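Student: Quick one: structure below, then a few questions.
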Amino acid sequence: MNKIRKASSIALCLAVSVSLLAACGSKEGAGEKGSASPSAAEGVKKEGFPIVDKPITLKVMSQDAGKADWNQMPVLKEMEKLTGIHLEPQLSPIDSFATKKNLMFASGDLPDMLYAADLKPSEQVTYGTQGILLPLEKYIDEGYAPNIKKILDEHPDVRKSFTTPDGHMYALPFIDTAAVWYRSPMWYNGKFLKALNVTELPKTTDELYAFLKRVKEEDPNGNGKKDEIPLTSVKLDDLRMYFFGFWGMYDEKIYADKDGKVHYSPQEEGYKGYLTFMNKLWKEDLLDHETFSQTPDQKKAKGQDNRIALFNDYYPYFTLGGEPSGDNPLMTPVKSEIPGTPVYGKHPGMSANGTFAITNKNPNPEATMRWIDYLYGYEGSTLFNQGPEGTLWKYKDKENHVKEWLPVPGGGDREEYRGTITPNFGILTPGINDPEVTKGLRTDFDAWIDKENAEKLVPIGKTPFPNVYLTNEEQSEASALFSDLDTYVQQMEAKFVTGQVPLSDWDSYVAQLKKMGADRIVELYQGAYDRWNSGK
Amino acid sequence: MLSGVKETKRDKAFLVCNYIYVFLAFAIVFYPLVYMISASISDPKFVGSGEMWLWPKGITFEGYKRVFENSNIWNGYANTILYTVVGTAINLVVTLPAAYALSRRDFVGRNFFMGMFMVTMFFGGGLVPTYLLVKQLGMINTMWAIVIPSAASIWNIIVSRTFFQSSIPKELQEAAQIDGCTNMRLFVKIILPLSMPIIAVMALFYGVGNWNSYFSALIYLNDSAKYPLQLVLRQILVLQEMAAQGGGAIDASTAAAMNSKAEIAALVKYAVIIVATVPVIVIYPFLQRYFVQGVMIGSVKG
């Protein structure tokens, strides 16, 4: 009996140790397997399809918009048929992609490639120099990416902006040379304009002020109450960049002026002009007093109640509700007391972050490069953005790439359906914005937007700052300085605008910025800008 | 109030204050619940503008309709139930024997093991090493990555151990042994039936924990078909925030997609929260009896 007791004691003891093991997050060694095998370029064709003789499988890490299973998407099936490359997706929800990506890099549990990778310049430098990301220019120049090579040759800026200080390209951007907006712009509420009989949009800050004042007093929504909000915003984040242009600043933080001199916006004279104007609006209740407390939802609710005159959104109908239409005009940037204004910080024509990269685990980078290159050409771009021919669209004139819509299978919303057939939905993917792709598919609204942009923004637009790479040391110095400066600037902006701190304190505010290293920031970025500029 | 003892004025004053206090506490706890329910059947426009603050306004069941039509949510629901049931079963199987063993004074090396357990309460392996361990055990993208690494909670083992120590008399064990009962039989036939309160409490602690957990799913799962409800829910809620920020270099179709998602999110988010919370709220009253009893025993005499 004693024996039995002993045996069961041991059993209990085992149970204890099992749970101990389970509870304790063991420091199991990071047994890293050797990096990629030497590339097996044989069997990979430089031209024609399929890309590989024998089918291969590649692991792709990406963001998931949550619309459909990637394995079932017609676009990816089509692509697999064409290229002979099967994808094994490793997805994470859009909002937690950054966490997953960091974990992936830190743990060395790498996929073969990253799609819609959202790789920041600092990540490209860090993981590129560590050898985790493969340099891509070699494959591009060796002829595995004819489409990309063509674009890079046509737009040397793109190559320059995605070449890190060590001379390699570790990531590919999304390229959209026709893009205008950097951030979503400002819109006027068309109904208010009509009610107030405004035929010409304000052209100077004084006219803008006068218009907002009228909105406040003349009840343009006609409900007999003075419940109109002339200008609304969420923490000023949404309007800052657009408004800065009225005082000659191209960007919220760092920009280069026309002569190539780098500026840090919060210590510019123009910034004082911006604060003075916003403070005036605040005092007279023309700027929404819930600016610093409301949520985007609440702002939207005000728009749908027809209470807002001037606001930020990607398209006006997102806030105001209703269908897309040309009734709510794009705000014309206004002129201030600063000479040479207004200006507009225009989109640089490519995404700031890398959208595609290949890791050192990839057994076949050549084939991968050809795979992604297809997306930078007309056919691949059409496939990934509009789906396969005959699903949502068909050719009207194949020679000239003119298309027309087909009815949405099963009725329902076109965009919703598109989200179920292609991964290029709701995320920034690698590729180009080729106007050929949407030939014949564009709506009147799209054309109207283009016209508004061409009239109001393009003539005064300039890219605020190119994609520059800081070296690792510069990056960490800049990040440290910014983390203090950003908080201080944000607090002081709110205090100046709401009048908690009078504008007469401007000089001491600038002195404080200088003490916190604002000039050093300018110096760092000037250096990087000059390096970029001389790389021409 | 009903007792025969005559109350003094101060007693009465105390009672009044007490009722006021209890009522306030109740209101504070109850208000968010009512708000949620009202918001889930109100027009998002009124919720957003703050006009809906207690009773529903612009009643619509569109949110619930969307929830019931959304296959992701149902799929998440099924996954959550599976993870919770399997996870809680594993939790109990691991926790109770460990706690009982540690409660026995004749258990060799008791202090040593207890010490080792305690270490893990204060020191963990960190996220990356833990991830690598799970990966090398081949559990990535499986249910086991969710339920195994969190199988034992030291805190719960200590609570259960204290229960066993304080509420099961040592004489019972001796009597059983004199009658020729083995340790295993003793545990299964005698100890467990006497420990219903602590089993219920543990089941509830672990169950609610499993039900609400999303982080391990976020880290270890790659396949959206395996996501638990909380992750689906989180996705809906966070996306709305992201769409609203809207900035960055996004193209028109992305912006449109984000916007339509945000509108749907506004509509369904409260309905989803209700649907996700109801099971826990429904089960709680049934276990609550044990809950109070069990925790009290554990804490008072510990």
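Residue names in the structure tokens use chain letters A, B, ... in the order shown, residue numbers from 1 in each chain, and ligand numbers from 1 in the order shown.
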Please provide as a PyMOL selection string all residues within 9 Å of region 222-234 of chain B, with the sequence filter that same-chain residues fewer than 6 positions apart are discarded (counting only C-alpha atoms).
Tutor: (chain A and resi 64+66+68-69+89-93+95) or (chain B and resi 72-81+83+140-143+211-215+269+272-273+276)
Student: Could you give me, as a ChimeraX atom specification, the residues within 7 Å of Pro185 (chain A), counting only C-alpha atoms and dropping anything in the same chain fewer than 2 positions from it?
Tutor: /A:183,187,242,312-314
Student: Of the candidates A:Glu455, A:Asp305, A:Glu207, A:Asp157, which shows the shortest atom-to-atom distance to Val468 (chain A), using only C-alpha atoms?
Tutor: A:Asp157
Student: What parts of region 305-533 of chain A does DSSP call strand (DSSP E or B)? I'd like the answer as a list in words.
Tutor: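 Of region 305-533 of chain A, the ones in strand (DSSP E or B) are Ile308, Ala309, Leu310, Phe311, Asn312, Leu330, Lys335, Tyr344, Gly345, Met350, Gly354, Thr355, Phe356, Ala357, Ile358, Thr359, Trp393, Lys394, Tyr395, Lys396, Asp397, Val402, Lys403, Glu404, Trp405, Gly431, Ile432, Gly461 and Lys462 of chain A.
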Student: Excluding region 245-251 of chain A and any residue of its chain fewer than 5 positions from it, enumerate the residues within 9 Å of it, using only C-alpha atoms, and give them as a count of residues only.
Tutor: 34
Student: Give me the residues within 12 Å of Leu375 (chain A) as a VMD selection string, counting only C-alpha atoms and dropping any in the same chain fewer than 5 places off.
Tutor: chain A and resid 75 to 76 79 115 145 to 148 172 to 175 356 368 to 370 380 to 385 424 429 to 434 437
Student: Given the choices A:Asn223, A:Gln304, A:Gln72, A:Thr57, which gets closest to chain B if the distance is worked out from only C-alpha atoms?
Tutor: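 Using only C-alpha atoms, the shortest distance to chain B belongs to A:Gln304.
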Student: Find the residues of chain B in contact range of chain A, meaning any atom within 7 Å when counting only C-alpha atoms, and list them as a compact mmCIF listing (two decimals) with C-alpha atoms, in the first residue's frame.
Tutor:
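Saved result, result_0.txt, follows:
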# COMPACT_ATOMS: atom_id res chain seq x y z
CA LYS B 45 -26.35 59.41 -35.81
CA GLY B 48 -22.58 59.95 -32.25
CA SER B 49 -24.07 63.35 -31.56
CA VAL B 94 -3.95 21.34 -14.45
CA PRO B 97 -4.34 18.53 -8.90
CA ALA B 98 -1.43 20.95 -8.64
CA ALA B 101 -0.69 18.36 -4.17
CA PHE B 117 5.75 28.39 -9.04
CA THR B 120 6.92 32.51 -12.65
CA GLY B 124 8.28 35.71 -17.55
CA GLY B 125 10.16 34.73 -20.65
CA VAL B 128 9.58 36.95 -28.26
CA PRO B 129 11.05 33.92 -26.47
CA THR B 130 7.56 32.74 -25.62
CA LEU B 132 9.59 31.12 -30.34
CA LEU B 133 8.80 28.38 -27.85
CA ILE B 148 -1.81 25.56 -23.57
CA PRO B 149 0.49 28.49 -22.71
CA SER B 150 -2.12 29.86 -20.34
CA ALA B 151 -3.05 26.49 -18.85
CA ALA B 152 -2.07 27.35 -15.29
CA SER B 153 -2.41 30.58 -13.45
CA THR B 182 -5.19 5.48 -2.56
CA ASN B 183 -4.18 9.08 -3.14
CA MET B 184 -5.73 9.16 -6.56
CA ILE B 219 -0.02 36.88 -31.73
CA ASN B 222 -2.56 33.73 -38.82
CA ASP B 223 -5.82 32.48 -40.19
CA GLN B 235 -11.09 44.65 -35.45
CA VAL B 238 -10.34 49.78 -33.98
CA LEU B 239 -10.97 50.06 -37.69
CA ALA B 244 -11.59 58.45 -39.02
CA GLY B 247 -4.63 60.61 -43.24
CA GLY B 248 -1.55 59.19 -44.82
CA ALA B 249 -1.01 58.42 -48.43
CA ILE B 250 -4.08 56.38 -49.16
CA THR B 254 -8.89 52.64 -49.81
CA ALA B 255 -10.51 55.75 -48.42
CA ALA B 257 -13.44 51.20 -48.25
CA MET B 258 -12.40 52.61 -44.90
CA ASN B 259 -15.36 54.93 -44.88
Student: At a cut-off of 10 Å, using only C-alpha atoms, what residues contact Thr443 (chain A)? Leave out same-chain residues fewer than 5 positions from it and give the result as a count of residues only.
Tutor: 3
Student: Write out as a ChimeraX atom specification all residues of region 113-269 of chain A that backbone DSSP assigns to helix (DSSP H, G or I).
Tutor: /A:121-129,137-144,146-154,156-161,190-195,205-217,240-247,265-267,269
Student: Please, what distance in Å, to one decimal, runs between CA of Gly411 (chain A) and CA of Ile236 (chain B)?
Tutor: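 Taking CA of Gly411 (chain A) and CA of Ile236 (chain B), their separation equals 24.3 Å.
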Student: Rounded to one decimal, what separation in Å do you get between CA of Glu78 (chain A) and CA of Ile51 (chain A)?
Tutor: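 Straight-line distance from CA of Glu78 (chain A) to CA of Ile51 (chain A) works out to 13.6 Å.
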Student: At a cut-off of 8 Å, using only C-alpha atoms, what residues contact Pro329 (chain A)? Leave out same-chain residues fewer than 2 positions from it and give the result as an MDAnalysis selection string.
Tutor: chainID A and resid 187:190 326:327 331 452
Student: Which residue is closest to Ala203 (chain B)? Choose from B:Leu24, B:Met121, B:Val93, B:Leu54 and count only C-alpha atoms.
Tutor: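 Closest to Ala203 (chain B), using only C-alpha atoms: B:Val93.
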